[in-house]
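File shown: my_file.txt (compact mmCIF, C-alpha atoms).
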```txt
# COMPACT_ATOMS: atom_id res chain seq x y z
CA MET A 1 10.70 15.11 22.76
CA GLY A 2 9.78 16.67 19.48
CA LEU A 3 12.03 18.59 17.16
CA PHE A 4 11.55 21.91 18.88
CA SER A 5 12.11 23.38 22.25
CA LYS A 6 12.81 26.78 23.69
CA ASP A 7 16.48 25.89 23.53
CA ILE A 8 16.52 26.20 19.75
CA LYS A 9 17.43 29.76 18.84
CA THR A 10 19.98 29.47 16.04
CA MET A 11 20.65 27.35 12.94
CA ASP A 12 23.45 25.79 14.95
CA ASP A 13 21.00 24.73 17.70
CA LEU A 14 18.65 23.35 15.05
CA PHE A 15 21.49 21.42 13.39
CA VAL A 16 22.66 19.85 16.66
CA HIS A 17 19.12 18.99 17.66
CA GLN A 18 18.47 17.27 14.34
CA LEU A 19 21.76 15.38 14.71
CA GLN A 20 20.56 14.12 18.11
CA ASP A 21 17.26 13.09 16.52
CA VAL A 22 18.87 11.04 13.73
CA TYR A 23 21.42 9.59 16.17
CA TYR A 24 18.51 8.23 18.22
CA ALA A 25 16.85 7.00 15.01
CA GLU A 26 19.94 5.08 13.84
CA LYS A 27 20.30 3.43 17.24
CA GLN A 28 16.65 2.38 17.27
CA ILE A 29 16.94 1.07 13.70
CA HIS A 30 20.00 -0.96 14.70
CA LYS A 31 18.00 -2.48 17.54
CA SER A 32 14.98 -3.23 15.34
CA LEU A 33 16.73 -4.87 12.38
CA PRO A 34 17.40 -8.30 13.97
CA LYS A 35 13.66 -8.93 14.32
CA MET A 36 13.10 -8.03 10.66
CA ILE A 37 16.04 -10.21 9.58
CA ASP A 38 14.65 -13.07 11.60
CA LYS A 39 11.20 -12.81 10.03
CA ALA A 40 12.37 -12.35 6.41
CA THR A 41 12.20 -15.57 4.40
CA ASP A 42 13.99 -14.69 1.13
CA ALA A 43 17.75 -15.32 1.45
CA LYS A 44 18.71 -12.18 -0.50
CA LEU A 45 16.42 -10.04 1.65
CA LYS A 46 17.92 -11.50 4.83
CA GLN A 47 21.45 -10.84 3.53
CA GLY A 48 20.53 -7.33 2.43
CA LEU A 49 19.08 -6.42 5.83
CA GLU A 50 22.08 -7.99 7.58
CA ALA A 51 24.46 -5.91 5.44
CA HIS A 52 22.41 -2.81 6.21
CA ARG A 53 22.68 -3.52 9.92
CA LYS A 54 26.48 -3.42 9.59
CA GLU A 55 26.19 -0.23 7.53
CA THR A 56 24.04 1.26 10.31
CA GLU A 57 26.93 0.72 12.75
CA GLY A 58 29.07 2.79 10.39
CA HIS A 59 26.42 5.51 10.27
CA ILE A 60 26.34 5.70 14.05
CA LYS A 61 30.14 6.07 14.13
CA ARG A 62 30.05 8.79 11.45
CA LEU A 63 27.40 10.67 13.45
CA GLU A 64 29.60 10.48 16.55
CA GLN A 65 32.41 11.93 14.46
CA VAL A 66 30.14 14.78 13.30
CA PHE A 67 29.20 15.58 16.92
CA LYS A 68 32.88 15.68 17.86
CA GLN A 69 34.00 17.72 14.84
CA HIS A 70 31.25 20.20 15.59
CA GLY A 71 32.23 20.37 19.27
CA ALA A 72 28.85 19.08 20.42
CA GLU A 73 28.09 16.42 23.02
CA VAL A 74 27.27 12.98 21.57
CA LYS A 75 23.64 12.69 22.60
CA ALA A 76 20.35 11.19 21.45
CA VAL A 77 16.91 12.76 21.84
CA ASN A 78 13.66 10.85 21.47
CA CYS A 79 12.21 11.03 18.01
CA PRO A 80 8.51 10.14 17.75
CA ALA A 81 8.79 9.90 13.96
CA ILE A 82 11.16 6.92 13.90
CA ASP A 83 9.33 5.38 16.86
CA GLY A 84 6.13 5.42 14.81
CA ILE A 85 7.81 4.10 11.66
CA LEU A 86 9.48 1.28 13.61
CA LYS A 87 6.27 0.46 15.42
CA GLU A 88 4.76 -0.28 12.01
CA ALA A 89 7.89 -2.14 10.90
CA ASP A 90 7.95 -4.09 14.14
CA ASP A 91 4.44 -5.34 13.54
CA VAL A 92 5.94 -7.24 10.59
CA ALA A 93 6.87 -9.73 13.29
CA GLY A 94 3.14 -10.37 13.41
CA GLU A 95 0.96 -12.97 11.89
CA VAL A 96 1.47 -13.03 8.13
CA ASP A 97 1.85 -16.66 7.07
CA ASP A 98 2.37 -16.32 3.31
CA LYS A 99 6.12 -15.90 2.69
CA GLN A 100 5.75 -13.68 -0.36
CA VAL A 101 3.32 -11.36 1.45
CA LEU A 102 5.53 -11.26 4.54
CA ASP A 103 8.67 -10.40 2.54
CA ALA A 104 6.80 -7.72 0.56
CA ALA A 105 5.64 -6.20 3.84
CA ILE A 106 9.15 -6.29 5.33
CA ILE A 107 10.60 -4.57 2.25
CA ALA A 108 7.93 -1.83 2.45
CA ALA A 109 8.65 -1.30 6.15
CA ALA A 110 12.40 -1.12 5.55
CA GLN A 111 11.89 1.39 2.73
CA ALA A 112 9.84 3.63 5.02
CA VAL A 113 12.80 3.59 7.42
CA GLU A 114 15.24 4.44 4.58
CA HIS A 115 13.14 7.37 3.43
CA TYR A 116 13.06 8.80 6.94
CA GLU A 117 16.84 8.67 7.04
CA ILE A 118 17.14 10.09 3.52
CA THR A 119 15.08 13.16 4.38
CA ARG A 120 16.97 13.77 7.64
CA TYR A 121 20.47 13.33 6.16
CA GLY A 122 19.52 15.50 3.16
CA THR A 123 18.48 18.29 5.52
CA LEU A 124 21.48 17.84 7.83
CA ALA A 125 24.02 17.88 4.98
CA ALA A 126 22.46 21.12 3.63
CA TRP A 127 22.50 22.75 7.08
CA ALA A 128 26.10 21.66 7.70
CA LYS A 129 27.16 23.42 4.48
CA GLN A 130 25.16 26.48 5.47
CA LEU A 131 27.04 26.54 8.78
CA GLY A 132 30.36 26.33 6.90
CA ARG A 133 30.99 22.77 8.16
CA GLU A 134 32.06 21.09 4.93
CA ASP A 135 33.78 18.39 7.02
CA CYS A 136 30.49 17.46 8.70
CA ALA A 137 28.55 17.81 5.43
CA SER A 138 30.88 15.29 3.77
CA LEU A 139 30.29 12.66 6.50
CA LEU A 140 26.54 13.24 6.45
CA LYS A 141 26.54 12.95 2.64
CA GLN A 142 28.25 9.54 2.94
CA ASN A 143 25.45 8.32 5.21
CA LEU A 144 22.89 9.84 2.81
CA ASP A 145 24.39 8.06 -0.21
CA GLU A 146 24.37 4.72 1.60
CA GLU A 147 20.72 5.17 2.57
CA TYR A 148 19.82 5.92 -1.06
CA ALA A 149 21.72 2.79 -2.15
CA ALA A 150 19.96 0.68 0.49
CA ASP A 151 16.58 1.96 -0.70
CA ASP A 152 17.48 1.11 -4.33
CA LYS A 153 18.49 -2.42 -3.32
CA LEU A 154 15.17 -2.89 -1.54
CA SER A 155 13.29 -1.69 -4.65
CA LYS A 156 15.19 -4.27 -6.72
CA LEU A 157 14.39 -7.03 -4.21
CA ALA A 158 10.72 -6.05 -4.40
CA GLU A 159 10.85 -6.27 -8.22
CA ASP A 160 12.61 -9.66 -8.02
CA GLY A 161 9.83 -10.91 -5.77
CA ILE A 162 7.21 -9.68 -8.23
CA ASN A 163 9.03 -11.32 -11.17
CA ARG A 164 9.44 -14.63 -9.29
CA LYS A 165 5.75 -14.64 -8.55
CA ALA A 166 4.94 -13.96 -12.22
CA ALA A 167 7.29 -16.72 -13.46
CA MET B 1 -3.05 -0.05 14.55
CA GLY B 2 0.15 -1.14 12.89
CA LEU B 3 0.59 -2.37 9.38
CA PHE B 4 -0.06 -6.00 10.24
CA SER B 5 -2.85 -8.01 11.64
CA LYS B 6 -4.12 -11.55 11.39
CA ASP B 7 -6.45 -10.31 8.67
CA ILE B 8 -3.59 -9.89 6.19
CA LYS B 9 -3.18 -13.11 4.27
CA THR B 10 -2.72 -12.08 0.64
CA MET B 11 -1.01 -9.36 -1.40
CA ASP B 12 -4.48 -7.96 -1.97
CA ASP B 13 -5.07 -7.68 1.81
CA LEU B 14 -1.67 -6.03 2.18
CA PHE B 15 -2.41 -3.57 -0.65
CA VAL B 16 -5.79 -2.56 0.80
CA HIS B 17 -4.33 -2.22 4.29
CA GLN B 18 -1.54 0.04 3.02
CA LEU B 19 -4.12 2.11 1.12
CA GLN B 20 -6.03 2.59 4.38
CA ASP B 21 -2.78 3.60 6.08
CA VAL B 22 -1.89 6.28 3.51
CA TYR B 23 -5.53 7.47 3.39
CA TYR B 24 -5.29 8.13 7.13
CA ALA B 25 -1.90 9.79 6.61
CA GLU B 26 -3.19 12.18 3.90
CA LYS B 27 -6.14 13.19 6.08
CA GLN B 28 -3.87 13.88 9.04
CA ILE B 29 -1.49 15.86 6.84
CA HIS B 30 -4.40 17.94 5.52
CA LYS B 31 -5.39 18.71 9.13
CA SER B 32 -1.84 19.59 10.16
CA LEU B 33 -0.87 21.89 7.31
CA PRO B 34 -2.80 25.02 8.44
CA LYS B 35 -0.70 25.24 11.61
CA MET B 36 2.51 25.00 9.57
CA ILE B 37 1.22 27.60 7.07
CA ASP B 38 0.33 29.89 9.94
CA LYS B 39 3.79 29.62 11.52
CA ALA B 40 5.80 29.97 8.28
CA THR B 41 7.15 33.48 7.75
CA ASP B 42 8.54 33.39 4.19
CA ALA B 43 5.82 34.29 1.67
CA LYS B 44 6.94 31.67 -0.88
CA LEU B 45 6.99 28.97 1.80
CA LYS B 46 3.48 29.93 2.94
CA GLN B 47 2.24 29.84 -0.67
CA GLY B 48 3.96 26.53 -1.33
CA LEU B 49 2.42 24.88 1.72
CA GLU B 50 -0.98 26.34 0.85
CA ALA B 51 -0.72 24.92 -2.68
CA HIS B 52 0.31 21.56 -1.25
CA ARG B 53 -2.74 21.58 1.01
CA LYS B 54 -4.95 21.88 -2.09
CA GLU B 55 -2.92 19.13 -3.77
CA THR B 56 -3.50 16.95 -0.69
CA GLU B 57 -7.25 17.28 -1.24
CA GLY B 58 -6.69 15.90 -4.74
CA HIS B 59 -4.63 13.01 -3.32
CA ILE B 60 -7.43 12.10 -0.93
CA LYS B 61 -9.92 12.07 -3.83
CA ARG B 62 -7.61 9.89 -5.95
CA LEU B 63 -7.23 7.46 -3.06
CA GLU B 64 -11.01 7.25 -2.73
CA GLN B 65 -11.13 6.46 -6.47
CA VAL B 66 -8.52 3.70 -6.00
CA PHE B 67 -10.57 2.14 -3.17
CA LYS B 68 -13.66 2.20 -5.40
CA GLN B 69 -11.93 0.87 -8.52
CA HIS B 70 -10.50 -1.94 -6.44
CA GLY B 71 -13.90 -2.71 -4.91
CA ALA B 72 -12.70 -1.96 -1.38
CA GLU B 73 -14.41 0.08 1.31
CA VAL B 74 -13.09 3.65 1.68
CA LYS B 75 -11.56 3.41 5.14
CA ALA B 76 -8.68 4.81 7.19
CA VAL B 77 -6.62 2.89 9.74
CA ASN B 78 -4.40 4.53 12.33
CA CYS B 79 -0.82 4.89 11.23
CA PRO B 80 1.70 5.47 14.04
CA ALA B 81 4.37 6.44 11.49
CA ILE B 82 2.62 9.59 10.23
CA ASP B 83 1.42 10.37 13.76
CA GLY B 84 5.06 10.42 14.88
CA ILE B 85 6.23 12.46 11.90
CA LEU B 86 3.43 14.99 12.39
CA LYS B 87 4.07 15.18 16.12
CA GLU B 88 7.56 16.42 15.25
CA ALA B 89 6.19 18.71 12.53
CA ASP B 90 3.56 20.04 14.91
CA ASP B 91 6.19 21.04 17.41
CA VAL B 92 7.26 23.59 14.79
CA ALA B 93 4.43 25.62 16.21
CA GLY B 94 6.68 25.89 19.25
CA GLU B 95 9.03 28.51 20.42
CA VAL B 96 11.52 29.35 17.70
CA ASP B 97 11.76 33.13 17.44
CA ASP B 98 14.29 33.56 14.63
CA LYS B 99 12.37 33.60 11.34
CA GLN B 100 15.10 31.97 9.28
CA VAL B 101 15.51 29.13 11.81
CA LEU B 102 11.76 28.66 12.07
CA ASP B 103 11.31 28.47 8.28
CA ALA B 104 14.24 26.06 7.95
CA ALA B 105 12.66 23.83 10.59
CA ILE B 106 9.24 23.96 8.89
CA ILE B 107 10.79 22.99 5.54
CA ALA B 108 12.60 20.05 7.17
CA ALA B 109 9.39 18.88 8.84
CA ALA B 110 7.42 19.16 5.59
CA GLN B 111 10.10 17.19 3.73
CA ALA B 112 9.90 14.37 6.30
CA VAL B 113 6.16 14.23 5.57
CA GLU B 114 6.80 14.17 1.79
CA HIS B 115 9.30 11.32 2.10
CA TYR B 116 6.82 9.26 4.09
CA GLU B 117 4.28 9.70 1.30
CA ILE B 118 6.88 9.00 -1.40
CA THR B 119 7.83 5.66 0.13
CA ARG B 120 4.19 4.60 0.62
CA TYR B 121 3.02 5.63 -2.86
CA GLY B 122 6.08 3.99 -4.44
CA THR B 123 5.22 0.72 -2.70
CA LEU B 124 1.50 0.98 -3.45
CA ALA B 125 2.01 1.71 -7.16
CA ALA B 126 4.32 -1.35 -7.44
CA TRP B 127 1.83 -3.59 -5.61
CA ALA B 128 -1.07 -2.33 -7.75
CA LYS B 129 0.85 -3.33 -10.89
CA GLN B 130 1.65 -6.71 -9.35
CA LEU B 131 -2.05 -7.21 -8.71
CA GLY B 132 -2.81 -6.36 -12.33
CA ARG B 133 -4.47 -3.06 -11.36
CA GLU B 134 -2.88 -0.71 -13.88
CA ASP B 135 -5.80 1.68 -13.36
CA CYS B 136 -5.04 1.98 -9.64
CA ALA B 137 -1.27 2.09 -10.28
CA SER B 138 -1.74 5.07 -12.61
CA LEU B 139 -3.66 7.07 -9.96
CA LEU B 140 -1.14 6.19 -7.25
CA LYS B 141 1.70 7.19 -9.58
CA GLN B 142 0.09 10.62 -10.05
CA ASN B 143 0.08 11.13 -6.28
CA LEU B 144 3.68 9.88 -6.11
CA ASP B 145 4.84 12.32 -8.81
CA GLU B 146 3.18 15.25 -7.04
CA GLU B 147 4.85 14.30 -3.74
CA TYR B 148 8.24 14.18 -5.47
CA ALA B 149 7.57 17.60 -7.02
CA ALA B 150 6.51 19.01 -3.63
CA ASP B 151 9.72 17.69 -2.06
CA ASP B 152 11.80 19.29 -4.84
CA LYS B 153 10.07 22.63 -4.33
CA LEU B 154 10.84 22.47 -0.59
CA SER B 155 14.51 21.72 -1.34
CA LYS B 156 14.62 24.81 -3.59
CA LEU B 157 13.00 26.96 -0.91
CA ALA B 158 15.61 25.72 1.57
CA GLU B 159 18.40 26.67 -0.86
CA ASP B 160 16.82 30.10 -1.45
CA GLY B 161 16.79 30.64 2.31
CA ILE B 162 20.45 29.71 2.52
CA ASN B 163 21.34 32.01 -0.37
CA ARG B 164 19.36 34.90 1.10
CA LYS B 165 21.19 34.49 4.36
CA ALA B 166 24.56 34.44 2.57
CA ALA B 167 23.75 37.54 0.49
```
For this file, write the structure as structure tokens.
Amino acid sequence: MGLFSKDIKTMDDLFVHQLQDVYYAEKQIHKSLPKMIDKATDAKLKQGLEAHRKETEGHIKRLEQVFKQHGAEVKAVNCPAIDGILKEADDVAGEVDDKQVLDAAIIAAAQAVEHYEITRYGTLAAWAKQLGREDCASLLKQNLDEEYAADDKLSKLAEDGINRKAA
Amino acid sequence: MGLFSKDIKTMDDLFVHQLQDVYYAEKQIHKSLPKMIDKATDAKLKQGLEAHRKETEGHIKRLEQVFKQHGAEVKAVNCPAIDGILKEADDVAGEVDDKQVLDAAIIAAAQAVEHYEITRYGTLAAWAKQLGREDCASLLKQNLDEEYAADDKLSKLAEDGINRKAA
């Protein structure tokens, strides 16, 4: 389902619904990463994606904690946004032979995933504060900071690739 | 179609394909904004989205210039990522009665769109430089900077909304 439904009447409903959306997204990302790791050829990129997969497990646990702290059921709702982003990322497992091109494409796909998470956690942390849930905001901010860091690492790997090519 | 196909063999192919992807995305965003503008209730939010719609027209023109400078056909390819993001944004036109909740949801949806563009323009500007196309990189960087600025404005509108509510 999309973000909205007749069930959303309050900021609290909106917050919980968005939590369910990003919970689904994190689970789908966790499922999709092995294929990207498998296709990546650069050792640092493989390691980076592997480390991010472990981090994703931590994000899922933090989200479950936020649900519980907020007294909401731990639940995922379909999110067409991440499905579309991962569909593009998944196609990385396609037919690109050149290793440099393939790795560049994988990095771009992974950064699109990071930016989706960054926007959602940014919004969720702000809404949690608005709802007076500093405890939830703090957990969401931890996920947000790790997504920013993951995106930075991917940018550095992309630059490394460009520099290697130029050398 | 997804990002990859058997036609992508070089960084140049990847660059042009990603250009076609973001060209499609900008056109879809331009089509989707009027519905969001119509649903928004806060005057500043309406004005901000309206201004961004005009900016989007400029982004489309800059992309067409990049295609031409690079000697590539001006062409759009389907992009399931933006389709998914806009499907969620589009659902904003749903059934949220409370004005504050509706505006908060519209801002969140618009920020998800901005972050998709930020990640794609960041990647494209880096690839253009790698390909020795400083002229294209400069145009893509202008679009990138405007997307960052649009995202910042949305964050400020979200904060204003929160402060108004608290007052």
* Asked: Residues around (7.2, -2.8, 6.4), cut-off 7 Å, counting all atoms listed in the file - what are they as a ChimeraX atom specification?
  -> /A:88-89,92,105-110
* To do: Please provide the set of residues having any atom within 9 Å of Ala150 of chain B, restricted to only C-alpha atoms, with same-chain residues fewer than 2 positions apart removed, written as a ChimeraX atom specification.
  => /B:48-49,52,111,114,145-148,152-155
* 12 Å contact set for segment 32-44 of chain A, all atoms listed in the file, chain neighbours under 4 positions out, as a VMD selection string -> chain A and resid 25 to 28 48 to 57 82 to 83 85 to 110 113 153 to 154 156 to 158 160 to 161 164
Next, write the just-selected residues to a file, as a short mmCIF file (atom, residue, chain, number, x, y, z; two decimals), keeping the file's coordinate frame, keeping C-alpha atoms as the atom set.
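Final output, out33.cif:
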```cif
data_model
loop_
_atom_site.label_atom_id
_atom_site.label_comp_id
_atom_site.auth_asym_id
_atom_site.auth_seq_id
_atom_site.Cartn_x
_atom_site.Cartn_y
_atom_site.Cartn_z
CA ALA A 25 16.85 7.00 15.01
CA GLU A 26 19.94 5.08 13.84
CA LYS A 27 20.30 3.43 17.24
CA GLN A 28 16.65 2.38 17.27
CA GLY A 48 20.53 -7.33 2.43
CA LEU A 49 19.08 -6.42 5.83
CA GLU A 50 22.08 -7.99 7.58
CA ALA A 51 24.46 -5.91 5.44
CA HIS A 52 22.41 -2.81 6.21
CA ARG A 53 22.68 -3.52 9.92
CA LYS A 54 26.48 -3.42 9.59
CA GLU A 55 26.19 -0.23 7.53
CA THR A 56 24.04 1.26 10.31
CA GLU A 57 26.93 0.72 12.75
CA ILE A 82 11.16 6.92 13.90
CA ASP A 83 9.33 5.38 16.86
CA ILE A 85 7.81 4.10 11.66
CA LEU A 86 9.48 1.28 13.61
CA LYS A 87 6.27 0.46 15.42
CA GLU A 88 4.76 -0.28 12.01
CA ALA A 89 7.89 -2.14 10.90
CA ASP A 90 7.95 -4.09 14.14
CA ASP A 91 4.44 -5.34 13.54
CA VAL A 92 5.94 -7.24 10.59
CA ALA A 93 6.87 -9.73 13.29
CA GLY A 94 3.14 -10.37 13.41
CA GLU A 95 0.96 -12.97 11.89
CA VAL A 96 1.47 -13.03 8.13
CA ASP A 97 1.85 -16.66 7.07
CA ASP A 98 2.37 -16.32 3.31
CA LYS A 99 6.12 -15.90 2.69
CA GLN A 100 5.75 -13.68 -0.36
CA VAL A 101 3.32 -11.36 1.45
CA LEU A 102 5.53 -11.26 4.54
CA ASP A 103 8.67 -10.40 2.54
CA ALA A 104 6.80 -7.72 0.56
CA ALA A 105 5.64 -6.20 3.84
CA ILE A 106 9.15 -6.29 5.33
CA ILE A 107 10.60 -4.57 2.25
CA ALA A 108 7.93 -1.83 2.45
CA ALA A 109 8.65 -1.30 6.15
CA ALA A 110 12.40 -1.12 5.55
CA VAL A 113 12.80 3.59 7.42
CA LYS A 153 18.49 -2.42 -3.32
CA LEU A 154 15.17 -2.89 -1.54
CA LYS A 156 15.19 -4.27 -6.72
CA LEU A 157 14.39 -7.03 -4.21
CA ALA A 158 10.72 -6.05 -4.40
CA ASP A 160 12.61 -9.66 -8.02
CA GLY A 161 9.83 -10.91 -5.77
CA ARG A 164 9.44 -14.63 -9.29
#
```
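Atom CA of Leu139 of chain A to atom CA of His59 of chain A spans 9.0 Å [interatomic distance, one decimal].
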* Which residue gives the smallest distance to Ala126 of chain B among A:Tyr24, A:Glu159, A:Lys61, A:Leu144, with only C-alpha atoms counted? -> A:Glu159
* Asked: Can you tell me how far atom CA of Gly71 of chain A sits from atom CA of Glu134 of chain A, in Å to one decimal?
  ->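 Separating atom CA of Gly71 of chain A from atom CA of Glu134 of chain A is a distance of 14.4 Å.
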* To do: May I ask for the distance between atom CA of Tyr23 of chain A and atom CA of Gly122 of chain A, given in Å to one decimal place?
  => 14.4 Å
* Give me the residues within 12 Å of Lys68 of chain B as a VMD selection string, counting only C-alpha atoms and dropping any in the same chain fewer than 6 places off. => chain B and resid 16 19 61 to 62 74 to 75 135 to 136
